[in-house]
file work23.cif (mmCIF, C-alpha atoms and all ligand atoms)
data_start
#
loop_
_atom_site.group_PDB
_atom_site.id
_atom_site.type_symbol
_atom_site.label_atom_id
_atom_site.label_comp_id
_atom_site.auth_asym_id
_atom_site.auth_seq_id
_atom_site.Cartn_x
_atom_site.Cartn_y
_atom_site.Cartn_z
ATOM 1 C CA MET A 1 18.598 -11.126 -76.141
ATOM 2 C CA ASP A 2 16.333 -10.243 -79.070
ATOM 3 C CA GLU A 3 17.694 -8.280 -82.017
ATOM 4 C CA ARG A 4 16.060 -5.050 -80.908
ATOM 5 C CA ALA A 5 17.612 -5.173 -77.433
ATOM 6 C CA ALA A 6 20.920 -6.044 -79.121
ATOM 7 C CA LEU A 7 20.649 -2.912 -81.298
ATOM 8 C CA LEU A 8 19.992 -0.694 -78.265
ATOM 9 C CA ASP A 9 23.015 -2.271 -76.618
ATOM 10 C CA GLU A 10 25.175 -1.608 -79.655
ATOM 11 C CA ILE A 11 24.052 2.033 -79.789
ATOM 12 C CA ALA A 12 24.881 2.455 -76.092
ATOM 13 C CA HIS A 13 28.312 0.994 -76.801
ATOM 14 C CA GLU A 14 28.847 3.313 -79.777
ATOM 15 C CA MET A 15 27.806 6.313 -77.655
ATOM 16 C CA ARG A 16 30.569 5.465 -75.163
ATOM 17 C CA GLU A 17 33.108 4.887 -77.945
ATOM 18 C CA THR A 18 32.419 8.269 -79.584
ATOM 19 C CA ALA A 19 31.936 10.307 -76.377
ATOM 20 C CA ARG A 20 35.304 12.026 -76.806
ATOM 21 C CA TRP A 21 33.994 13.722 -79.972
ATOM 22 C CA THR A 22 30.267 13.991 -79.286
ATOM 23 C CA GLY A 23 30.505 15.072 -75.644
ATOM 24 C CA ARG A 24 27.804 12.537 -74.630
ATOM 25 C CA THR A 25 28.518 9.203 -72.986
ATOM 26 C CA THR A 26 24.922 8.000 -72.815
ATOM 27 C CA LEU A 27 21.531 8.712 -74.333
ATOM 28 C CA SER A 28 19.089 10.666 -72.212
ATOM 29 C CA PRO A 29 16.103 8.612 -70.967
ATOM 30 C CA ARG A 30 13.727 10.358 -73.393
ATOM 31 C CA VAL A 31 15.808 9.427 -76.442
ATOM 32 C CA ALA A 32 16.499 5.905 -75.181
ATOM 33 C CA ASP A 33 12.761 5.357 -74.564
ATOM 34 C CA ALA A 34 11.847 6.612 -78.032
ATOM 35 C CA LEU A 35 14.478 4.361 -79.597
ATOM 36 C CA ALA A 36 13.056 1.374 -77.735
ATOM 37 C CA LYS A 37 9.512 2.267 -78.756
ATOM 38 C CA VAL A 38 9.614 3.238 -82.452
ATOM 39 C CA LYS A 39 9.280 0.215 -84.723
ATOM 40 C CA ARG A 40 11.990 0.570 -87.373
ATOM 41 C CA GLU A 41 10.499 -2.362 -89.287
ATOM 42 C CA ALA A 42 7.420 -0.207 -89.992
ATOM 43 C CA PHE A 43 9.584 2.335 -91.852
ATOM 44 C CA VAL A 44 12.093 0.268 -93.849
ATOM 45 C CA ALA A 45 11.344 -0.624 -97.491
ATOM 46 C CA PRO A 46 9.172 -3.692 -98.121
ATOM 47 C CA GLY A 47 11.380 -6.778 -98.197
ATOM 48 C CA THR A 48 14.105 -5.346 -95.938
ATOM 49 C CA GLU A 49 12.255 -5.920 -92.639
ATOM 50 C CA PRO A 50 14.611 -8.750 -91.600
ATOM 51 C CA ALA A 51 17.461 -6.191 -91.508
ATOM 52 C CA ALA A 52 15.434 -3.520 -89.666
ATOM 53 C CA TYR A 53 17.335 -3.902 -86.373
ATOM 54 C CA GLU A 54 20.811 -3.962 -87.855
ATOM 55 C CA ASN A 55 22.827 -0.866 -87.039
ATOM 56 C CA ARG A 56 23.233 0.326 -90.622
ATOM 57 C CA PRO A 57 21.491 2.433 -93.250
ATOM 58 C CA LEU A 58 19.201 0.524 -95.660
ATOM 59 C CA PRO A 59 17.986 1.445 -99.153
ATOM 60 C CA ILE A 60 14.462 2.900 -99.309
ATOM 61 C CA GLY A 61 14.303 3.408 -103.089
ATOM 62 C CA HIS A 62 14.945 6.448 -105.321
ATOM 63 C CA GLY A 63 18.641 6.247 -104.401
ATOM 64 C CA GLN A 64 17.889 7.201 -100.774
ATOM 65 C CA THR A 65 18.482 5.441 -97.456
ATOM 66 C CA ILE A 66 16.968 5.171 -94.003
ATOM 67 C CA SER A 67 19.737 6.457 -91.725
ATOM 68 C CA GLN A 68 21.815 4.276 -89.426
ATOM 69 C CA PRO A 69 20.082 3.877 -86.030
ATOM 70 C CA PHE A 70 23.155 5.094 -84.105
ATOM 71 C CA VAL A 71 23.255 8.288 -86.190
ATOM 72 C CA VAL A 72 19.512 8.849 -85.671
ATOM 73 C CA ALA A 73 19.975 8.353 -81.919
ATOM 74 C CA LEU A 74 22.980 10.682 -81.740
ATOM 75 C CA MET A 75 21.391 13.467 -83.791
ATOM 76 C CA THR A 76 18.205 13.274 -81.730
ATOM 77 C CA GLU A 77 20.245 13.329 -78.521
ATOM 78 C CA LEU A 78 22.265 16.395 -79.482
ATOM 79 C CA LEU A 79 19.120 18.346 -80.413
ATOM 80 C CA ASP A 80 18.228 18.389 -76.685
ATOM 81 C CA LEU A 81 14.502 18.499 -77.490
ATOM 82 C CA GLN A 82 12.076 19.480 -74.755
ATOM 83 C CA PRO A 83 8.504 18.102 -74.690
ATOM 84 C CA ALA A 84 6.930 21.476 -75.543
ATOM 85 C CA GLU A 85 9.216 22.211 -78.507
ATOM 86 C CA ARG A 86 8.566 22.362 -82.254
ATOM 87 C CA VAL A 87 11.089 20.843 -84.611
ATOM 88 C CA LEU A 88 11.675 21.051 -88.367
ATOM 89 C CA GLU A 89 13.101 18.038 -90.200
ATOM 90 C CA VAL A 90 14.514 18.343 -93.720
ATOM 91 C CA GLY A 91 14.552 14.970 -95.530
ATOM 92 C CA THR A 92 11.627 12.874 -94.254
ATOM 93 C CA GLY A 93 12.833 9.820 -96.202
ATOM 94 C CA SER A 94 11.340 6.757 -94.540
ATOM 95 C CA GLY A 95 9.792 8.728 -91.672
ATOM 96 C CA TYR A 96 11.780 6.819 -89.022
ATOM 97 C CA GLN A 97 13.663 9.861 -87.707
ATOM 98 C CA THR A 98 10.368 11.783 -87.900
ATOM 99 C CA ALA A 99 8.756 9.211 -85.593
ATOM 100 C CA MET A 100 11.657 9.499 -83.134
ATOM 101 C CA LEU A 101 11.173 13.274 -83.034
ATOM 102 C CA ALA A 102 7.388 12.902 -82.690
ATOM 103 C CA GLU A 103 7.920 10.765 -79.584
ATOM 104 C CA ILE A 104 9.888 13.531 -77.895
ATOM 105 C CA ALA A 105 8.763 16.929 -79.205
ATOM 106 C CA ASP A 106 5.365 18.588 -79.216
ATOM 107 C CA ARG A 107 5.154 18.991 -82.992
ATOM 108 C CA VAL A 108 7.239 17.874 -85.953
ATOM 109 C CA TYR A 109 7.264 19.576 -89.357
ATOM 110 C CA SER A 110 9.011 17.476 -91.983
ATOM 111 C CA ILE A 111 9.795 18.185 -95.638
ATOM 112 C CA GLU A 112 10.660 15.606 -98.309
ATOM 113 C CA VAL A 113 11.533 16.432 -101.904
ATOM 114 C CA ILE A 114 10.634 13.038 -103.477
ATOM 115 C CA PRO A 115 6.811 12.747 -103.578
ATOM 116 C CA GLU A 116 6.732 8.917 -103.528
ATOM 117 C CA LEU A 117 8.863 8.804 -100.364
ATOM 118 C CA ALA A 118 6.752 11.526 -98.749
ATOM 119 C CA GLU A 119 3.606 9.507 -99.441
ATOM 120 C CA ARG A 120 5.082 6.288 -98.093
ATOM 121 C CA ALA A 121 6.309 8.062 -94.951
ATOM 122 C CA ALA A 122 2.863 9.608 -94.424
ATOM 123 C CA VAL A 123 1.253 6.152 -94.531
ATOM 124 C CA ALA A 124 3.847 4.645 -92.169
ATOM 125 C CA LEU A 125 3.562 7.519 -89.684
ATOM 126 C CA SER A 126 -0.215 7.455 -89.561
ATOM 127 C CA SER A 127 -0.293 3.649 -89.311
ATOM 128 C CA GLN A 128 1.971 4.019 -86.261
ATOM 129 C CA GLY A 129 -0.437 6.565 -84.772
ATOM 130 C CA TYR A 130 1.655 9.750 -84.969
ATOM 131 C CA ALA A 131 -0.772 12.673 -85.001
ATOM 132 C CA ASN A 132 1.690 15.456 -84.121
ATOM 133 C CA VAL A 133 3.487 15.388 -87.478
ATOM 134 C CA GLU A 134 2.940 17.674 -90.473
ATOM 135 C CA LEU A 135 4.485 16.671 -93.786
ATOM 136 C CA ARG A 136 5.161 18.731 -96.855
ATOM 137 C CA THR A 137 6.602 17.837 -100.260
ATOM 138 C CA GLY A 138 9.178 20.302 -101.584
ATOM 139 C CA ASP A 139 12.655 21.760 -101.184
ATOM 140 C CA GLY A 140 13.432 21.637 -97.477
ATOM 141 C CA GLY A 141 16.531 23.787 -97.933
ATOM 142 C CA LEU A 142 14.131 26.711 -98.034
ATOM 143 C CA GLY A 143 12.670 25.713 -94.679
ATOM 144 C CA TRP A 144 8.998 26.170 -93.735
ATOM 145 C CA PRO A 145 8.663 29.952 -93.258
ATOM 146 C CA GLU A 146 4.954 29.830 -92.313
ATOM 147 C CA GLN A 147 5.786 27.701 -89.249
ATOM 148 C CA ALA A 148 9.059 29.404 -88.273
ATOM 149 C CA PRO A 149 10.752 30.004 -85.928
ATOM 150 C CA PHE A 150 11.649 26.493 -84.797
ATOM 151 C CA ASP A 151 13.193 25.410 -81.506
ATOM 152 C CA ALA A 152 15.276 22.843 -83.354
ATOM 153 C CA ILE A 153 16.082 21.855 -86.954
ATOM 154 C CA ILE A 154 17.472 18.541 -88.175
ATOM 155 C CA VAL A 155 18.734 18.004 -91.711
ATOM 156 C CA THR A 156 19.179 14.394 -92.790
ATOM 157 C CA ALA A 157 20.943 14.996 -96.113
ATOM 158 C CA ALA A 158 24.361 16.633 -96.599
ATOM 159 C CA ALA A 159 24.563 20.224 -97.790
ATOM 160 C CA PRO A 160 27.665 22.016 -99.141
ATOM 161 C CA ASP A 161 27.070 24.586 -96.409
ATOM 162 C CA VAL A 162 24.402 25.489 -93.855
ATOM 163 C CA PRO A 163 21.405 26.841 -95.793
ATOM 164 C CA ARG A 164 20.813 30.469 -94.841
ATOM 165 C CA ALA A 165 17.025 30.027 -94.774
ATOM 166 C CA LEU A 166 17.320 27.291 -92.152
ATOM 167 C CA LEU A 167 19.581 29.341 -89.907
ATOM 168 C CA ASP A 168 17.148 32.246 -90.219
ATOM 169 C CA GLN A 169 14.217 30.012 -89.201
ATOM 170 C CA LEU A 170 15.907 28.807 -86.004
ATOM 171 C CA ARG A 171 14.943 30.766 -82.889
ATOM 172 C CA PRO A 172 17.644 32.315 -80.685
ATOM 173 C CA GLY A 173 18.549 29.531 -78.237
ATOM 174 C CA GLY A 174 17.637 26.916 -80.869
ATOM 175 C CA ARG A 175 19.776 23.973 -82.043
ATOM 176 C CA MET A 176 20.410 22.570 -85.512
ATOM 177 C CA MET A 177 21.981 19.237 -86.516
ATOM 178 C CA ILE A 178 23.215 19.137 -90.100
ATOM 179 C CA PRO A 179 25.774 17.139 -92.094
ATOM 180 C CA VAL A 180 27.904 19.500 -94.185
ATOM 181 C CA GLY A 181 30.400 18.637 -96.911
ATOM 182 C CA PRO A 182 30.847 17.402 -100.482
ATOM 183 C CA ARG A 183 28.467 14.960 -102.168
ATOM 184 C CA HIS A 184 30.709 11.999 -101.496
ATOM 185 C CA GLY A 185 32.791 11.694 -98.356
ATOM 186 C CA ASP A 186 34.463 14.214 -96.091
ATOM 187 C CA GLN A 187 31.220 15.376 -94.533
ATOM 188 C CA GLU A 188 31.054 16.467 -90.925
ATOM 189 C CA LEU A 189 28.052 16.400 -88.670
ATOM 190 C CA LEU A 190 27.603 19.890 -87.228
ATOM 191 C CA LEU A 191 25.746 20.996 -84.129
ATOM 192 C CA ILE A 192 24.815 24.653 -84.476
ATOM 193 C CA SER A 193 23.589 26.540 -81.444
ATOM 194 C CA LYS A 194 22.015 29.882 -82.121
ATOM 195 C CA ASN A 195 22.800 32.208 -79.244
ATOM 196 C CA ALA A 196 20.597 34.895 -77.723
ATOM 197 C CA VAL A 197 21.755 37.532 -80.202
ATOM 198 C CA GLY A 198 21.111 35.258 -83.167
ATOM 199 C CA ILE A 199 24.654 34.137 -83.985
ATOM 200 C CA GLY A 200 25.122 30.464 -84.895
ATOM 201 C CA VAL A 201 27.969 28.765 -83.036
ATOM 202 C CA ARG A 202 29.184 25.633 -84.851
ATOM 203 C CA ARG A 203 30.671 22.508 -83.381
ATOM 204 C CA SER A 204 31.891 19.624 -85.495
ATOM 205 C CA VAL A 205 30.683 16.362 -83.947
ATOM 206 C CA LEU A 206 31.689 13.408 -86.140
ATOM 207 C CA PRO A 207 32.659 12.503 -89.707
ATOM 208 C CA VAL A 208 29.554 11.138 -91.492
ATOM 209 C CA ALA A 209 28.298 9.943 -94.906
ATOM 210 C CA PHE A 210 24.843 11.185 -95.904
ATOM 211 C CA VAL A 211 23.046 11.317 -99.259
ATOM 212 C CA PRO A 212 23.213 14.833 -100.747
ATOM 213 C CA LEU A 213 20.655 17.555 -100.125
ATOM 214 C CA THR A 214 19.229 18.556 -103.508
ATOM 215 C CA GLY A 215 17.501 21.727 -104.658
ATOM 216 C CA GLY A 216 18.216 25.426 -104.838
ATOM 217 C CA GLY A 217 18.074 26.153 -101.107
ATOM 218 C CA ARG A 218 21.044 24.016 -100.161
ATOM 219 C CA GLY A 219 23.348 26.825 -99.128
HETATM 220 N N1 LIG B 1 15.739 10.678 -92.003
HETATM 221 C C1 LIG B 1 15.575 9.889 -93.181
HETATM 222 C C2 LIG B 1 16.772 10.091 -94.096
HETATM 223 C C3 LIG B 1 16.480 9.804 -95.496
HETATM 224 S S1 LIG B 1 17.838 10.128 -96.578
HETATM 225 C C4 LIG B 1 15.465 8.429 -92.808
HETATM 226 O O1 LIG B 1 16.155 7.995 -91.886
HETATM 227 O O2 LIG B 1 14.701 7.721 -93.448
HETATM 228 C C5 LIG B 1 17.642 11.859 -96.882
HETATM 229 C C6 LIG B 1 16.346 12.282 -97.487
HETATM 230 O O3 LIG B 1 16.454 13.666 -97.793
HETATM 231 C C7 LIG B 1 15.957 11.593 -98.782
HETATM 232 O O4 LIG B 1 14.681 11.044 -98.650
HETATM 233 C C8 LIG B 1 15.988 12.703 -99.815
HETATM 234 O O5 LIG B 1 15.031 12.557 -100.836
HETATM 235 C C9 LIG B 1 15.702 13.917 -98.959
HETATM 236 N N2 LIG B 1 16.117 15.196 -99.528
HETATM 237 C C10 LIG B 1 17.237 15.480 -100.251
HETATM 238 N N3 LIG B 1 17.252 16.789 -100.584
HETATM 239 C C11 LIG B 1 16.135 17.340 -100.052
HETATM 240 C C12 LIG B 1 15.574 18.667 -100.058
HETATM 241 N N4 LIG B 1 16.187 19.685 -100.667
HETATM 242 N N5 LIG B 1 14.405 18.864 -99.412
HETATM 243 C C13 LIG B 1 13.768 17.847 -98.776
HETATM 244 N N6 LIG B 1 14.236 16.584 -98.748
HETATM 245 C C14 LIG B 1 15.405 16.333 -99.371
#
call {"tool": "encode", "arguments": {"input": "work23.cif", "output": "structure tokens", "more": "lines below"}}
Ligand code: SAH
result
Amino acid sequence: MDERAALLDEIAHEMRETARWTGRTTLSPRVADALAKVKREAFVAPGTEPAAYENRPLPIGHGQTISQPFVVALMTELLDLQPAERVLEVGTGSGYQTAMLAEIADRVYSIEVIPELAERAAVALSSQGYANVELRTGDGGLGWPEQAPFDAIIVTAAAPDVPRALLDQLRPGGRMMIPVGPRHGDQELLLISKNAVGIGVRRSVLPVAFVPLTGGGRG
């Protein structure tokens, strides 16, 4: 088995192991196909390509990391994206999660606060042929009001609480995945479903460790 098939296998195993908490035993075909298709080696930092198919986060510079493949798979899965939907990502980082979303959704809007990472992600995404992605450099905690409301929102850095602006920019019926908790440790991955009358219902999915969300909009 090659290392990529081995990674998909390991993610499938981890899905079964965590099903009691996540409520999902397997990945849906759309997410599994995207995971098999997106080249993680095109998004990792130069020099770390040999580790691209290991199931762990890797440094991408500026104190940031490309998320663990299992976590990317799980967050994408729980967003329940439909092909016609528009999704906002906060924390473009390497662009790997962005590419996963671009495989599944109609349009992806992604915000990164560190300009050098945003530029590198833009190059990687266009070299991989993703034309349904719009990137912006700035504080993602404030959302992207001009493009709101979104069907789904994914935050890939941990906030002390759910930023109000993001909740406001989620449509009724929309879903948000966000890690919430202190800078170091004790964070929980939340799935927030906004119901028809606009109230966010929270479910804690798993304990996680993300880099902190920075900026004034972090809730
Ligand atoms: N999904 C990315 C995760 C990168 S780590 C990947 O797998 O590559 C989280 C990213 O969030 C970092 O790049 C960090 O710079 C960015 N970030 C932190 N605070 C932010 C903010 N307020 N607005 C936008 N991006 C932010």
call {"tool": "residues_around", "arguments": {"input": "work23.cif", "residues": "region 89-94 of chain A", "least_positions_apart": "6", "cutoff": "9 Å", "atoms": "only C-alpha atoms", "output": "PyMOL selection string"}}
result
chain A and resi 43-45+60+64-67+101+108-114+117-118+120-122+124+135+139-141+143+152-157+213
call {"tool": "atom_distance", "arguments": {"input": "work23.cif", "atom1": "CA of Ala105 (chain A)", "atom2": "atom C9 of ligand LIG 1 (chain B)"}}
result
21.2 Å
call {"tool": "atom_distance", "arguments": {"input": "work23.cif", "atom1": "CA of Leu8 (chain A)", "atom2": "CA of Ala32 (chain A)"}}
result
8.1 Å
call {"tool": "resolve_selection", "arguments": {"input": "work23.cif", "expression": "the PyMOL selection byres (((chain A and resi 185) around 12) and not hetatm)", "output": "number ranges by chain"}}
result
A: 158-160, 179-184, 186-189, 207-212
call {"tool": "closest_residue", "arguments": {"input": "work23.cif", "among": "A:Tyr96, A:Asp106, A:Lys39, A:Trp21", "to": "Pro57 (chain A)", "atoms": "only C-alpha atoms"}}
result
A:Tyr96
call {"tool": "closest_residue", "arguments": {"input": "work23.cif", "among": "A:Asn132, A:Thr22, A:Thr48, A:Gln68", "to": "Ser204 (chain A)", "atoms": "all atoms listed in the file"}}
result
A:Thr22
call {"tool": "resolve_selection", "arguments": {"input": "work23.cif", "expression": "the PyMOL selection byres (((chain A and resi 163) around 9) and not hetatm)", "output": "PyMOL selection string"}}
result
chain A and resi 141-143+159-162+164-168+217-219
call {"tool": "atom_distance", "arguments": {"input": "work23.cif", "atom1": "CA of Gly47 (chain A)", "atom2": "CA of Glu10 (chain A)"}}
result
23.7 Å
call {"tool": "resolve_selection", "arguments": {"input": "work23.cif", "expression": "the PyMOL selection byres (((chain A and resi 86) around 6) and not hetatm)", "output": "JSON, numbers by chain"}}
result
{"A": [85, 87, 106, 107, 108, 150, 151]}
call {"tool": "closest_residue", "arguments": {"input": "work23.cif", "among": "A:Pro115, A:Pro46, A:Pro149, A:Gly173", "to": "ligand LIG 1 (chain B)", "atoms": "all atoms listed in the file"}}
result
A:Pro115
call {"tool": "closest_residue", "arguments": {"input": "work23.cif", "among": "A:Leu190, A:Met177, A:Val72, A:Ala131", "to": "ligand LIG 1 (chain B)", "atoms": "all atoms listed in the file"}}
result
A:Val72
call {"tool": "residues_around", "arguments": {"input": "work23.cif", "residues": "Glu3 (chain A)", "least_positions_apart": "4", "cutoff": "12 Å", "atoms": "all atoms listed in the file", "output": "PyMOL selection string"}}
result
chain A and resi 7-10+36+40-41+50-55
call {"tool": "closest_residue", "arguments": {"input": "work23.cif", "among": "A:Ile178, A:Leu170, A:Ala19, A:Leu79", "to": "Gln147 (chain A)", "atoms": "only C-alpha atoms"}}
result
A:Leu170
call {"tool": "closest_residue", "arguments": {"input": "work23.cif", "among": "A:Met15, A:Leu81, A:Leu35, A:Leu58", "to": "ligand LIG 1 (chain B)", "atoms": "all atoms listed in the file"}}
result
A:Leu58
call {"tool": "residues_around", "arguments": {"input": "work23.cif", "residues": "Ile104 (chain A)", "least_positions_apart": "3", "cutoff": "8 Å", "atoms": "all atoms listed in the file", "output": "ChimeraX atom specification"}}
result
/A:30-31,34,81-83,100-101
call {"tool": "residues_around", "arguments": {"input": "work23.cif", "residues": "Arg16 (chain A)", "least_positions_apart": "5", "cutoff": "8 Å", "atoms": "all atoms listed in the file", "output": "PyMOL selection string"}}
result
chain A and resi 24-26
